[in-house]
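Student: Structure file upload07.txt, compact mmCIF, C-alpha atoms, is pasted below:
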# COMPACT_ATOMS: atom_id res chain seq x y z
CA MET A 51 15.95 11.87 -14.50
CA TYR A 52 17.33 8.35 -14.55
CA ILE A 53 14.90 6.58 -16.87
CA THR A 54 14.12 9.48 -19.20
CA ASP A 55 17.78 10.38 -19.68
CA ALA A 56 18.63 6.76 -20.50
CA LEU A 57 15.84 6.56 -23.11
CA ILE A 58 17.02 9.76 -24.81
CA LYS A 59 20.64 8.61 -24.77
CA ILE A 60 19.80 5.26 -26.35
CA SER A 61 17.50 6.81 -28.95
CA ASP A 62 20.20 9.28 -29.97
CA LYS A 63 22.66 6.40 -30.54
CA LYS A 64 20.20 4.80 -33.01
CA PRO A 65 21.16 1.20 -32.12
CA VAL A 66 20.41 -1.62 -34.57
CA LEU A 67 18.06 -3.77 -32.50
CA PHE A 68 17.13 -7.39 -33.08
CA THR A 69 14.97 -7.36 -29.95
CA THR A 70 11.41 -6.59 -29.01
CA SER A 71 9.47 -4.43 -29.81
CA GLY A 72 8.59 -5.56 -33.30
CA HIS A 73 7.63 -2.09 -34.50
CA CYS A 74 11.37 -1.18 -34.34
CA GLN A 75 10.74 2.29 -32.91
CA GLY A 76 7.82 2.96 -35.25
CA ASN A 77 9.32 1.71 -38.51
CA GLN A 78 6.18 -0.15 -39.60
CA VAL A 79 3.19 1.60 -38.14
CA LEU A 80 -0.07 2.41 -39.90
CA SER A 81 -0.14 5.98 -41.18
CA ARG A 82 -3.20 6.83 -39.13
CA PHE A 83 -1.03 6.33 -36.02
CA ASN A 84 1.46 8.99 -37.10
CA PHE A 85 0.58 11.04 -34.04
CA LEU A 86 2.28 8.32 -31.98
CA ASN A 87 5.56 8.40 -33.88
CA LYS A 88 7.50 10.15 -31.14
CA ALA A 89 6.18 7.72 -28.54
CA PHE A 90 7.20 4.72 -30.66
CA LYS A 91 10.69 6.19 -30.97
CA TYR A 92 11.25 5.70 -27.23
CA ASP A 93 9.35 2.44 -26.80
CA PHE A 94 12.26 0.15 -25.93
CA SER A 95 12.41 -3.18 -24.12
CA GLU A 96 15.02 -4.16 -21.51
CA ILE A 97 17.99 -3.59 -23.77
CA ASP A 98 21.54 -2.78 -22.69
CA GLY A 99 21.61 0.53 -20.83
CA LEU A 100 18.13 0.19 -19.39
CA ASP A 101 16.99 -2.04 -16.51
CA ASN A 102 14.54 -4.77 -15.46
CA LEU A 103 11.50 -3.74 -13.41
CA GLN A 104 11.22 -7.26 -11.97
CA ASN A 105 14.77 -7.18 -10.65
CA PRO A 106 15.90 -3.55 -10.74
CA GLU A 107 19.63 -3.03 -10.37
CA GLY A 108 20.30 0.06 -12.48
CA ILE A 109 18.33 3.15 -13.52
CA ILE A 110 14.96 1.86 -12.25
CA LEU A 111 16.43 1.04 -8.85
CA GLU A 112 18.09 4.46 -8.65
CA SER A 113 14.91 6.20 -9.75
CA GLN A 114 12.82 4.33 -7.18
CA LYS A 115 15.32 5.24 -4.43
CA TRP A 116 15.08 8.88 -5.51
CA ALA A 117 11.25 8.68 -5.40
CA SER A 118 11.40 7.08 -1.96
CA GLU A 119 13.35 10.06 -0.62
CA ILE A 120 10.76 12.46 -2.00
CA TYR A 121 7.83 10.51 -0.56
CA GLU A 122 9.65 9.86 2.75
CA SER A 123 8.97 6.14 2.43
CA GLY A 124 11.06 3.14 3.32
CA GLN A 125 10.78 1.89 -0.27
CA SER A 126 8.81 2.98 -3.31
CA TYR A 127 7.93 0.85 -6.33
CA TYR A 128 6.89 1.92 -9.82
CA LEU A 129 3.71 0.26 -11.10
CA VAL A 130 2.91 0.07 -14.82
CA ASN A 131 -0.30 -1.94 -14.33
CA GLY A 132 -1.97 0.74 -12.21
CA SER A 133 -2.66 0.77 -8.49
CA SER A 134 -4.59 -2.47 -9.01
CA SER A 135 -1.34 -4.40 -9.42
CA GLY A 136 -0.07 -2.93 -6.17
CA ILE A 137 -3.26 -3.95 -4.37
CA LEU A 138 -2.94 -7.52 -5.67
CA ALA A 139 0.72 -7.79 -4.66
CA LEU A 140 0.11 -6.35 -1.19
CA MET A 141 -2.67 -8.83 -0.47
CA LEU A 142 -0.60 -11.77 -1.74
CA SER A 143 2.34 -10.74 0.42
CA THR A 144 0.39 -10.18 3.66
CA ALA A 145 -2.51 -12.65 3.83
CA GLY A 146 -2.80 -16.31 2.83
CA VAL A 147 -5.55 -18.86 2.40
CA GLY A 148 -8.01 -18.74 5.29
CA GLU A 149 -6.44 -15.71 6.99
CA LYS A 150 -8.80 -12.85 7.86
CA VAL A 151 -8.47 -9.22 6.80
CA LEU A 152 -10.68 -6.30 7.83
CA ILE A 153 -11.80 -4.36 4.76
CA ALA A 154 -13.92 -1.23 4.32
CA ARG A 155 -16.84 -2.09 2.06
CA ASN A 156 -16.09 0.79 -0.32
CA ALA A 157 -13.01 -1.11 -1.48
CA HIS A 158 -12.01 -1.02 -5.14
CA LYS A 159 -12.82 -4.18 -7.07
CA SER A 160 -9.09 -4.96 -7.27
CA VAL A 161 -9.29 -5.76 -3.54
CA ILE A 162 -11.98 -8.35 -4.31
CA ASN A 163 -9.76 -9.79 -7.05
CA ALA A 164 -6.90 -9.89 -4.53
CA LEU A 165 -9.08 -11.95 -2.19
CA VAL A 166 -9.68 -14.43 -5.00
CA LEU A 167 -5.95 -14.75 -5.72
CA SER A 168 -4.79 -14.94 -2.10
CA GLY A 169 -7.60 -16.97 -0.56
CA ALA A 170 -7.83 -14.49 2.32
CA VAL A 171 -11.15 -14.16 4.13
CA PRO A 172 -12.78 -10.71 4.17
CA VAL A 173 -14.37 -9.25 7.29
CA TRP A 174 -16.31 -6.18 6.23
CA ILE A 175 -16.19 -3.02 8.31
CA ASP A 176 -19.27 -0.82 8.51
CA ASN A 177 -19.05 2.64 6.93
CA ASP A 178 -21.53 5.34 7.85
CA TRP A 179 -23.91 6.50 5.12
CA LEU A 180 -24.29 10.18 4.16
CA TYR A 181 -27.93 10.51 3.21
CA ASP A 182 -27.46 14.11 2.02
CA TRP A 183 -25.29 12.81 -0.82
CA ASP A 184 -26.12 9.09 -1.06
CA ILE A 185 -22.49 8.11 -0.55
CA LEU A 186 -20.46 6.27 2.06
CA ALA A 187 -18.57 8.31 4.62
CA GLY A 188 -14.97 7.72 5.60
CA MET A 189 -13.76 5.22 8.18
CA SER A 190 -13.89 5.83 11.93
CA LEU A 191 -11.67 4.25 14.56
CA GLU A 192 -14.80 3.24 16.47
CA ASN A 193 -16.05 1.07 13.60
CA ILE A 194 -12.63 -0.54 13.27
CA GLU A 195 -12.41 -1.26 17.00
CA LYS A 196 -15.84 -2.89 16.89
CA ALA A 197 -14.92 -5.10 13.93
CA PHE A 198 -11.59 -6.05 15.49
CA ALA A 199 -13.22 -6.96 18.83
CA GLU A 200 -15.35 -9.48 16.94
CA ASN A 201 -12.38 -10.73 14.87
CA PRO A 202 -9.17 -10.38 16.91
CA ASP A 203 -7.37 -12.89 14.67
CA VAL A 204 -7.26 -10.63 11.59
CA LYS A 205 -3.92 -10.11 9.83
CA GLY A 206 -4.53 -6.53 8.77
CA ILE A 207 -6.84 -3.69 7.78
CA TRP A 208 -7.51 -2.34 4.27
CA LEU A 209 -8.90 1.17 3.88
CA THR A 210 -9.73 3.46 0.97
CA ASN A 211 -8.62 7.03 1.64
CA PRO A 212 -9.67 9.36 0.18
CA THR A 213 -12.92 7.87 -0.97
CA TYR A 214 -13.79 8.14 -4.64
CA GLU A 215 -15.96 11.17 -3.83
CA GLY A 216 -13.19 12.88 -1.84
CA ILE A 217 -13.95 12.12 1.81
CA VAL A 218 -10.77 11.97 3.91
CA SER A 219 -10.47 9.88 7.08
CA ASP A 220 -7.99 10.46 9.89
CA ILE A 221 -5.47 7.64 9.46
CA THR A 222 -3.23 8.46 12.44
CA PRO A 223 -5.37 6.97 15.25
CA ILE A 224 -6.15 3.95 13.08
CA SER A 225 -2.43 3.46 12.43
CA LYS A 226 -1.70 3.70 16.15
CA PHE A 227 -4.39 1.09 16.85
CA CYS A 228 -2.91 -1.29 14.25
CA LYS A 229 0.56 -0.96 15.74
CA GLU A 230 -0.81 -1.72 19.22
CA LYS A 231 -2.49 -4.86 17.89
CA GLY A 232 0.46 -5.91 15.71
CA ILE A 233 -1.50 -5.96 12.44
CA PHE A 234 -0.93 -4.44 9.01
CA LEU A 235 -2.53 -1.21 7.84
CA ILE A 236 -2.73 -0.88 4.06
CA VAL A 237 -4.32 2.18 2.46
CA ASP A 238 -5.64 2.45 -1.08
CA GLU A 239 -4.63 6.07 -1.63
CA ALA A 240 -5.12 5.95 -5.39
CA HIS A 241 -6.82 9.36 -5.44
CA GLY A 242 -4.30 10.98 -3.08
CA ALA A 243 -1.36 11.18 -5.49
CA LEU A 244 -0.98 14.96 -5.03
CA TRP A 245 -1.01 15.01 -1.24
CA ASN A 246 2.74 14.74 -0.77
CA PHE A 247 3.33 18.07 -2.52
CA SER A 248 1.21 20.60 -0.65
CA ASP A 249 0.71 21.45 3.01
CA ARG A 250 -2.81 22.54 2.05
CA LEU A 251 -3.78 18.97 1.25
CA SER A 252 -4.16 15.99 3.56
CA GLU A 253 -1.16 14.16 4.98
CA THR A 254 -0.32 10.91 3.22
CA ALA A 255 -1.00 7.51 4.76
CA ILE A 256 2.74 6.77 4.89
CA LYS A 257 3.38 9.89 6.95
CA GLN A 258 0.48 8.92 9.22
CA GLY A 259 2.02 5.53 9.95
CA ALA A 260 0.42 3.09 7.50
CA ASP A 261 2.52 0.06 6.53
CA ALA A 262 1.83 0.54 2.82
CA SER A 263 -0.12 2.62 0.35
CA VAL A 264 -0.74 2.81 -3.38
CA GLN A 265 -1.19 6.00 -5.39
CA SER A 266 -2.42 6.41 -8.97
CA LEU A 267 -0.31 9.11 -10.57
CA HIS A 268 -2.40 8.92 -13.72
CA LYS A 269 -5.62 9.86 -11.90
CA THR A 270 -4.72 13.32 -10.65
CA ALA A 271 -1.01 13.81 -11.40
CA ALA A 272 0.76 13.77 -14.77
CA SER A 273 1.76 10.23 -15.70
CA LEU A 274 0.36 8.17 -18.56
CA ASN A 275 -2.57 5.90 -17.80
CA GLN A 276 -1.52 2.89 -15.67
CA GLY A 277 1.30 4.84 -14.00
CA ALA A 278 1.17 4.34 -10.23
CA LEU A 279 3.27 3.98 -7.08
CA LEU A 280 3.43 1.58 -4.16
CA HIS A 281 5.04 2.79 -0.93
CA LEU A 282 6.24 0.93 2.15
CA SER A 283 6.80 2.98 5.29
CA LYS A 284 10.22 3.04 6.95
CA ASN A 285 8.98 0.81 9.78
CA SER A 286 6.62 -1.32 7.69
CA LYS A 287 6.00 -4.87 8.89
CA ILE A 288 5.66 -6.03 5.26
CA ASP A 289 8.53 -8.16 3.90
CA SER A 290 9.89 -6.14 0.98
CA ALA A 291 11.53 -9.16 -0.68
CA LYS A 292 8.26 -11.09 -0.63
CA LEU A 293 6.42 -8.03 -1.91
CA GLN A 294 8.79 -7.82 -4.89
CA GLN A 295 8.13 -11.51 -5.62
CA CYS A 296 4.39 -10.85 -5.55
CA LEU A 297 4.74 -7.80 -7.78
CA ASN A 298 6.60 -10.00 -10.25
CA ILE A 299 3.70 -12.47 -10.24
CA VAL A 300 1.01 -9.91 -11.10
CA ASN A 301 2.98 -7.48 -13.28
CA THR A 302 3.90 -7.80 -16.93
CA THR A 303 7.39 -9.03 -17.84
CA SER A 304 7.40 -6.42 -20.64
CA PRO A 305 6.85 -3.12 -18.83
CA SER A 306 6.39 0.04 -20.86
CA TYR A 307 9.37 2.36 -20.51
CA LEU A 308 7.11 5.17 -21.67
CA ILE A 309 4.91 4.65 -18.60
CA LEU A 310 7.99 4.34 -16.38
CA ALA A 311 9.39 7.58 -17.77
CA SER A 312 6.07 9.32 -17.27
CA ILE A 313 5.98 8.17 -13.62
CA GLU A 314 9.46 9.58 -13.09
CA GLY A 315 8.62 12.79 -14.95
CA SER A 316 5.42 13.30 -13.01
CA ILE A 317 7.22 12.97 -9.67
CA GLU A 318 10.01 15.30 -10.76
CA TYR A 319 7.56 17.99 -11.89
CA LEU A 320 5.44 17.81 -8.74
CA ASN A 321 8.59 18.13 -6.64
CA THR A 322 9.81 21.31 -8.37
CA SER A 323 8.89 24.85 -7.34
CA ALA A 324 6.96 25.15 -10.61
CA GLY A 325 5.02 21.97 -9.92
CA ARG A 326 4.19 22.97 -6.36
CA LYS A 327 3.13 26.41 -7.57
CA ARG A 328 0.90 24.79 -10.20
CA LEU A 329 -0.66 22.58 -7.51
CA ASP A 330 -1.24 25.64 -5.33
CA CYS A 331 -3.01 27.30 -8.28
CA LEU A 332 -5.19 24.19 -8.70
CA ILE A 333 -6.22 24.36 -5.04
CA GLU A 334 -6.97 28.10 -5.36
CA GLU A 335 -9.06 27.58 -8.48
CA SER A 336 -10.92 24.73 -6.82
CA ASN A 337 -11.64 26.88 -3.76
CA ASN A 338 -12.79 29.78 -5.96
CA PHE A 339 -15.08 27.45 -7.88
CA ARG A 340 -16.68 26.31 -4.64
CA GLN A 341 -17.09 29.84 -3.33
CA ASN A 342 -18.55 31.22 -6.56
CA LEU A 343 -21.14 28.48 -6.99
CA SER A 344 -21.93 28.24 -3.28
CA SER A 345 -22.98 31.91 -3.41
CA ILE A 346 -25.86 30.71 -5.58
CA GLY A 347 -28.16 29.41 -2.88
CA GLU A 348 -29.43 26.37 -4.77
CA ILE A 349 -25.97 24.85 -5.38
CA ASN A 350 -24.44 22.86 -2.53
CA PHE A 351 -21.08 21.13 -2.08
CA LEU A 352 -19.93 18.14 -0.06
CA GLU A 353 -18.29 19.84 2.91
CA ALA A 354 -16.03 18.74 5.75
CA LYS A 355 -17.66 17.71 9.02
CA ASN A 356 -16.42 16.90 12.51
CA ASN A 357 -15.50 13.31 11.68
CA PHE A 358 -14.07 13.76 8.19
CA GLN A 359 -12.40 16.22 5.83
CA VAL A 360 -12.79 16.72 2.08
CA ASP A 361 -10.05 16.60 -0.55
CA LYS A 362 -9.81 20.13 -1.97
CA THR A 363 -9.06 18.85 -5.48
CA LYS A 364 -12.38 16.98 -5.75
CA LEU A 365 -15.66 18.79 -6.45
CA PHE A 366 -18.73 16.85 -5.36
CA PHE A 367 -21.79 19.08 -5.62
CA GLY A 368 -25.39 19.27 -6.72
CA ILE A 369 -28.31 21.58 -7.44
CA LYS A 370 -31.08 21.55 -4.87
CA ASN A 371 -34.05 19.45 -6.03
CA VAL A 372 -32.25 18.36 -9.19
CA SER A 373 -31.07 14.80 -9.80
CA GLY A 374 -27.34 14.48 -10.31
CA TYR A 375 -28.11 12.15 -13.21
CA ALA A 376 -30.07 14.91 -14.95
CA LEU A 377 -27.29 17.44 -14.33
CA GLY A 378 -24.60 15.10 -15.61
CA ASP A 379 -26.61 14.28 -18.75
CA LEU A 380 -27.28 17.95 -19.54
CA LEU A 381 -23.64 18.95 -19.06
CA LEU A 382 -22.58 16.30 -21.56
CA GLU A 383 -25.33 16.80 -24.13
CA LYS A 384 -25.53 20.60 -24.16
CA PHE A 385 -22.08 21.76 -23.03
CA ASN A 386 -19.80 18.85 -24.04
CA ILE A 387 -18.60 18.50 -20.44
CA GLU A 388 -18.19 15.01 -19.01
CA VAL A 389 -17.87 14.54 -15.26
CA GLU A 390 -16.32 11.63 -13.38
CA LEU A 391 -19.51 10.44 -11.69
CA ASP A 392 -23.15 11.34 -11.15
CA ASN A 393 -25.63 9.94 -8.67
CA ASN A 394 -29.06 10.66 -7.30
CA LYS A 395 -27.90 13.79 -5.45
CA GLY A 396 -24.98 15.30 -7.34
CA ILE A 397 -21.97 15.03 -9.59
CA LEU A 398 -18.24 14.52 -9.04
CA ALA A 399 -15.95 16.78 -11.08
CA LEU A 400 -12.46 15.36 -10.76
CA THR A 401 -9.60 17.81 -11.15
CA GLY A 402 -5.90 17.16 -11.64
CA ILE A 403 -2.58 18.91 -11.99
CA GLY A 404 -3.49 19.79 -15.60
CA THR A 405 -6.88 21.37 -14.83
CA GLU A 406 -6.55 25.07 -15.63
CA ARG A 407 -8.69 28.13 -14.93
CA ASN A 408 -10.52 28.07 -18.27
CA LYS A 409 -11.89 24.58 -17.55
CA PHE A 410 -13.20 25.70 -14.15
CA LYS A 411 -14.83 28.71 -15.87
CA LYS A 412 -16.52 26.54 -18.51
CA LEU A 413 -17.88 24.16 -15.87
CA SER A 414 -19.05 27.01 -13.64
CA ASP A 415 -20.90 28.75 -16.48
CA ALA A 416 -22.47 25.47 -17.61
CA VAL A 417 -23.68 24.57 -14.10
CA ILE A 418 -25.25 28.01 -13.61
CA LYS A 419 -27.06 27.72 -16.94
CA SER A 420 -28.11 24.16 -16.09
CA ALA A 421 -29.61 25.36 -12.81
CA ASN A 422 -31.90 27.62 -14.80
CA ILE A 423 -32.81 24.94 -17.34
CA LEU A 424 -33.42 21.83 -15.28
CA LYS A 425 -36.80 21.20 -13.73
CA LYS A 426 -36.82 21.11 -9.94
CA VAL A 427 -38.29 17.97 -8.43
CA SER A 428 -38.14 16.35 -5.02
CA VAL A 429 -35.07 14.08 -4.87
CA LYS A 430 -35.53 11.26 -2.39
CA ASN A 431 -32.78 9.77 -0.25
CA ILE A 432 -31.77 6.24 -1.12
CA SER A 433 -30.87 3.58 1.40
CA SER A 434 -27.29 2.52 1.94
CA PRO A 435 -26.33 -0.28 -0.45
CA PHE A 436 -24.25 -1.80 2.34
CA ILE A 437 -26.10 -4.89 3.52
CA LYS A 438 -24.45 -6.86 6.30
CA PRO A 439 -23.18 -9.84 4.29
CA GLU A 440 -23.66 -13.48 5.09
CA MET A 441 -20.64 -15.18 3.53
CA VAL A 442 -21.13 -18.84 2.67
CA TYR A 443 -17.96 -19.18 0.56
CA THR A 444 -14.88 -16.97 0.41
CA PRO A 445 -14.43 -15.07 -2.87
CA ARG A 446 -11.72 -17.59 -3.83
CA GLU A 447 -13.93 -20.61 -3.08
CA ALA A 448 -16.83 -19.05 -4.99
CA PHE A 449 -14.59 -18.33 -7.99
CA TYR A 450 -14.01 -22.06 -8.56
CA LYS A 451 -17.63 -23.13 -8.06
CA ARG A 452 -19.85 -24.09 -10.97
CA SER A 453 -22.54 -21.53 -11.73
CA VAL A 454 -25.89 -21.17 -13.46
CA LYS A 455 -27.87 -18.12 -14.49
CA SER A 456 -31.08 -17.59 -12.59
CA ASP A 457 -34.03 -15.22 -12.85
CA LEU A 458 -33.68 -12.49 -10.26
CA LYS A 459 -36.98 -13.38 -8.59
CA ASP A 460 -35.75 -16.93 -7.92
CA CYS A 461 -32.41 -15.98 -6.35
CA ILE A 462 -33.43 -15.27 -2.76
CA GLY A 463 -31.69 -17.76 -0.47
CA LYS A 464 -29.19 -18.73 -3.19
CA ILE A 465 -25.46 -17.97 -3.20
CA SER A 466 -24.12 -15.37 -5.60
CA LYS A 467 -21.46 -16.37 -8.09
CA GLN A 468 -21.12 -12.74 -9.20
CA THR A 469 -19.64 -9.73 -7.54
CA ILE A 470 -22.14 -6.97 -8.33
CA VAL A 471 -20.87 -3.41 -8.07
CA PRO A 472 -23.39 -0.81 -9.34
CA TYR A 473 -21.96 2.50 -10.53
CA PRO A 474 -22.63 4.81 -8.88
CA PRO A 475 -21.97 4.46 -5.99
CA GLY A 476 -19.34 1.81 -6.84
CA ILE A 477 -19.87 -0.15 -3.64
CA PRO A 478 -20.33 -3.93 -3.82
CA VAL A 479 -23.94 -4.89 -3.21
CA LEU A 480 -23.07 -8.57 -3.49
CA ILE A 481 -19.72 -10.32 -3.50
CA ALA A 482 -19.26 -13.80 -4.89
CA GLY A 483 -19.94 -16.34 -2.17
CA GLU A 484 -22.52 -14.27 -0.28
CA LEU A 485 -26.11 -15.30 0.41
CA ILE A 486 -28.69 -13.39 -1.63
CA ARG A 487 -31.47 -11.73 0.38
CA GLN A 488 -34.53 -9.66 -0.50
CA GLU A 489 -32.61 -6.45 0.31
CA HIS A 490 -30.14 -7.27 -2.46
CA ILE A 491 -32.93 -7.88 -4.96
CA ASP A 492 -34.48 -4.51 -4.13
CA ILE A 493 -31.24 -2.75 -5.08
CA ILE A 494 -30.40 -4.70 -8.26
CA LYS A 495 -34.00 -5.06 -9.48
CA ASP A 496 -33.10 -3.66 -12.93
CA ARG A 497 -31.34 -6.95 -13.76
CA ASP A 498 -33.18 -9.88 -15.32
CA LYS A 499 -30.74 -12.61 -14.30
CA ILE A 500 -27.66 -13.11 -12.17
CA GLU A 501 -25.21 -15.95 -11.78
CA ILE A 502 -25.64 -18.16 -8.72
CA ILE A 503 -23.60 -21.07 -7.47
CA ALA A 504 -24.96 -24.39 -8.66
CA GLU A 505 -25.34 -26.68 -5.66
As structure tokens, please, write out the structure in this file.

Tutor:
Amino acid sequence: MYITDALIKISDKKPVLFTTSGHCQGNQVLSRFNFLNKAFKYDFSEIDGLDNLQNPEGIILESQKWASEIYESGQSYYLVNGSSSGILALMLSTAGVGEKVLIARNAHKSVINALVLSGAVPVWIDNDWLYDWDILAGMSLENIEKAFAENPDVKGIWLTNPTYEGIVSDITPISKFCKEKGIFLIVDEAHGALWNFSDRLSETAIKQGADASVQSLHKTAASLNQGALLHLSKNSKIDSAKLQQCLNIVNTTSPSYLILASIEGSIEYLNTSAGRKRLDCLIEESNNFRQNLSSIGEINFLEAKNNFQVDKTKLFFGIKNVSGYALGDLLLEKFNIEVELDNNKGILALTGIGTERNKFKKLSDAVIKSANILKKVSVKNISSPFIKPEMVYTPREAFYKRSVKSDLKDCIGKISKQTIVPYPPGIPVLIAGELIRQEHIDIIKDRDKIEIIAE
């Protein structure tokens, strides 16, 4: 391991450093942080024997080349500011002021921030709504073709795959379409960080022909928080030199070598026979969990359908006639179990490479007990929060406009200064620069005031 071995070697030499970091490998740290002592010991800056993430020429470059071979990419980049930094850099390197990009509306808020920084103009693609679960479905080629026909001058397409809830779209036909039209395909694959290491999981966007993808190793793999990867495919149309410049704009000039080492370590472990065996066990335990609870007639899971698959490492399920909010609250209050998300219909239990059998057992037992405790009531479907937007200003233009706070009841016909993303479902109801309509007010009616653009 290039980075880890270098850190150990330098630490063993015990160099006398008059450099950052000021804690001098934990020499002056409050006693209550003693549990971090080992971490501080290896918290170096870009001293001799290490490398520079903004212009890698040594161990970071070699490590990234090694990762690229494993992921079968053209180039792979380590991200210490999370997948968000990769999203920002990709937008800056592929779309400029006034240039259009097609974006699925279930985009992460970092994509909205990237629009502000780049000045690109979003064209939103319709996603189908799954009323059984009150969540957005994946992305179909048909919806993309329709959006492109209305906007043939777009520079590229941005998709989220898998979705937060685990829905997996077929990227291959979409990639083929993008190549035929000569436009970029960029996939936010933050929750697909395990896919490269098991034939039982979905194929990665890079292998399906996307120009670029980002993956959050900290979400489901084994790196520290903020550890992520950006991949370019071998035939990517994205200029790698420009991408590196854009990464240097949005990333810190003082990257954590602890995060870098954890990225490297996570990849190495996943790529070993032990890591792949552990991932296979995770998939088995996840499947067993589904089968055991599905045998109880009142517990249902989000399942694959003709037009989409489901990530086997995500567990989105609910109890018939029980609100997911009520189930999530009871699991936390009575059983000390916190899930990733709850909504009107169910809960999302996110698993990762470290999720072992005993955790599945505890959750299974708690859900069965909860099914006997919680009162059954009729749970109504909610309408899709996706409202066809009327954009008056681009997100970048809106960002620089003066704003005022207004009572919600007085906002109809005004232009939003805020990007409002309710959780769940985590889908933007309003994006800065869009016209506010009655349908928006009906969804965000719990708010007293919102910011509007002052005309």

Student: Can you work out the spacing between CA of Ala448 in chain A and CA of Asp496 in chain A in Å, to one decimal?

Tutor: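 Computing the Euclidean distance for CA of Ala448 in chain A and CA of Asp496 in chain A yields 23.8 Å.
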
Student: Residues of range 128-221 of chain A that approach range 251-264 of chain A to 8 Å or less, counting all atoms listed in the file: could you list each one with the shortest pair of atoms and its distance in Å to one decimal, rows by chain and increasing residue number, as a tab-separated table?

Tutor:
residue	atom	partner	partner_atom	distance
A:Ser133	CA	A:Val264	CA	5.8
A:Gly136	CA	A:Val264	CA	6.4
A:Ile137	CA	A:Val264	CA	7.3
A:Val218	CA	A:Ser252	CA	7.7
A:Ile221	CA	A:Gln258	CA	6.1

Student: Check the smallest atom-to-atom distance from each of A:Thr444, A:Asp182, A:Leu103, A:Ala291 to Gln125 in chain A using only C-alpha atoms, then report the winner.

Tutor: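 Of A:Thr444, A:Asp182, A:Leu103, A:Ala291, the one nearest Gln125 in chain A is A:Ala291, counting only C-alpha atoms.
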
Student: Would you please work out which residue, of A:Ile53, A:Ile462, A:Ala145, A:Ile162, is nearest to Gly108 in chain A when using all atoms listed in the file?

Tutor: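 Going through A:Ile53, A:Ile462, A:Ala145, A:Ile162 one by one, the smallest distance to Gly108 in chain A is for A:Ile53.
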
Student: By how many Å are CA of Leu400 in chain A and CA of Ser225 in chain A apart?

Tutor: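 CA of Ser225 in chain A lies 27.9 Å from CA of Leu400 in chain A.
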
Student: Between CA of Asn342 in chain A and CA of Ala324 in chain A, what is the spacing in Å?

Tutor: 26.5 Å

Student: Report as a PyMOL selection string all protein, DNA and RNA residues lying within 12 Å of Lys229 in chain A, evaluated on only C-alpha atoms, omitting residues in the same chain fewer than 4 positions from it.

Tutor: chain A and resi 205-207+222-225+233-235+258-261+285-287

Student: Could you make a table, as a tab-separated table, of the residues of range 339-369 of chain A that have an atom within 10 Å of an atom of range 407-415 of chain A, each with its nearest atom pair and distance in Å to one decimal, counting only C-alpha atoms, in chain and number order?

Tutor:
residue	atom	partner	partner_atom	distance
A:Phe339	CA	A:Phe410	CA	6.8
A:Arg340	CA	A:Ser414	CA	9.3
A:Asn342	CA	A:Ser414	CA	8.3
A:Leu343	CA	A:Ser414	CA	7.1

Student: Kindly list the centre and edge lengths in Å, rounded to one decimal, for the axis-aligned box that covers all listed atoms of range 231-246 of chain A plus 6 Å on each of its six sides, as AutoDock Vina command-line options.

Tutor:
--center_x -2.0 --center_y 4.5 --center_z 6.2 --size_x 21.6 --size_y 33.0 --size_z 35.4

Student: Residues at most 9 Å from Gly99 in chain A, counting all atoms listed in the file, excluding those fewer than 4 positions away in the same chain, as a PyMOL selection string?

Tutor: chain A and resi 56-57+60+108-109

Student: Near Met441 in chain A, within 12 Å and counting only C-alpha atoms, which residues show up once chain neighbours fewer than 6 positions away are dropped, as a PyMOL selection string?

Tutor: chain A and resi 171-174+447-448+464-467+480-487

Student: Of the candidates A:Ile185, A:Ala170, A:Leu100, A:Ala504, which one gets nearest to Asp392 in chain A if we count only C-alpha atoms?

Tutor: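 Of all the options, A:Ile185 lies closest to Asp392 in chain A.
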
Student: So which one's closest to Thr270 in chain A, A:Asp176, A:Ile403, A:Ala164, A:Leu140? Using all atoms listed in the file, please.

Tutor: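 Of all the options, A:Ile403 lies closest to Thr270 in chain A.
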
Student: Smallest atom-to-atom distance to Tyr92 in chain A: which of A:Ala278, A:Ile309, A:Ala272, A:Ala197, using only C-alpha atoms?

Tutor: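 Using only C-alpha atoms, Tyr92 in chain A sits closest to A:Ile309.
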
Student: Can you list, as an MDAnalysis selection string, every protein, DNA or RNA residue that comes within 12 Å of range 388-390 of chain A when you count all atoms listed in the file, leaving out same-chain residues fewer than 4 positions away?

Tutor: chainID A and resid 214:215 269 364:367 374:375 377:384 396:402 409 412:413 416:417 473:475

Student: Calculated over only C-alpha atoms, which of the candidates A:Asp457, A:Val66, A:Ser113, A:Asn371 has the smallest distance to Lys499 in chain A?

Tutor: A:Asp457

Student: Compile the contact shell of Ile175 in chain A as JSON, numbers by chain: residues with an atom at most 7 Å away, counting all atoms listed in the file, same-chain residues fewer than 3 positions apart removed.

Tutor: {"A": [152, 153, 154, 155, 193, 194, 197]}
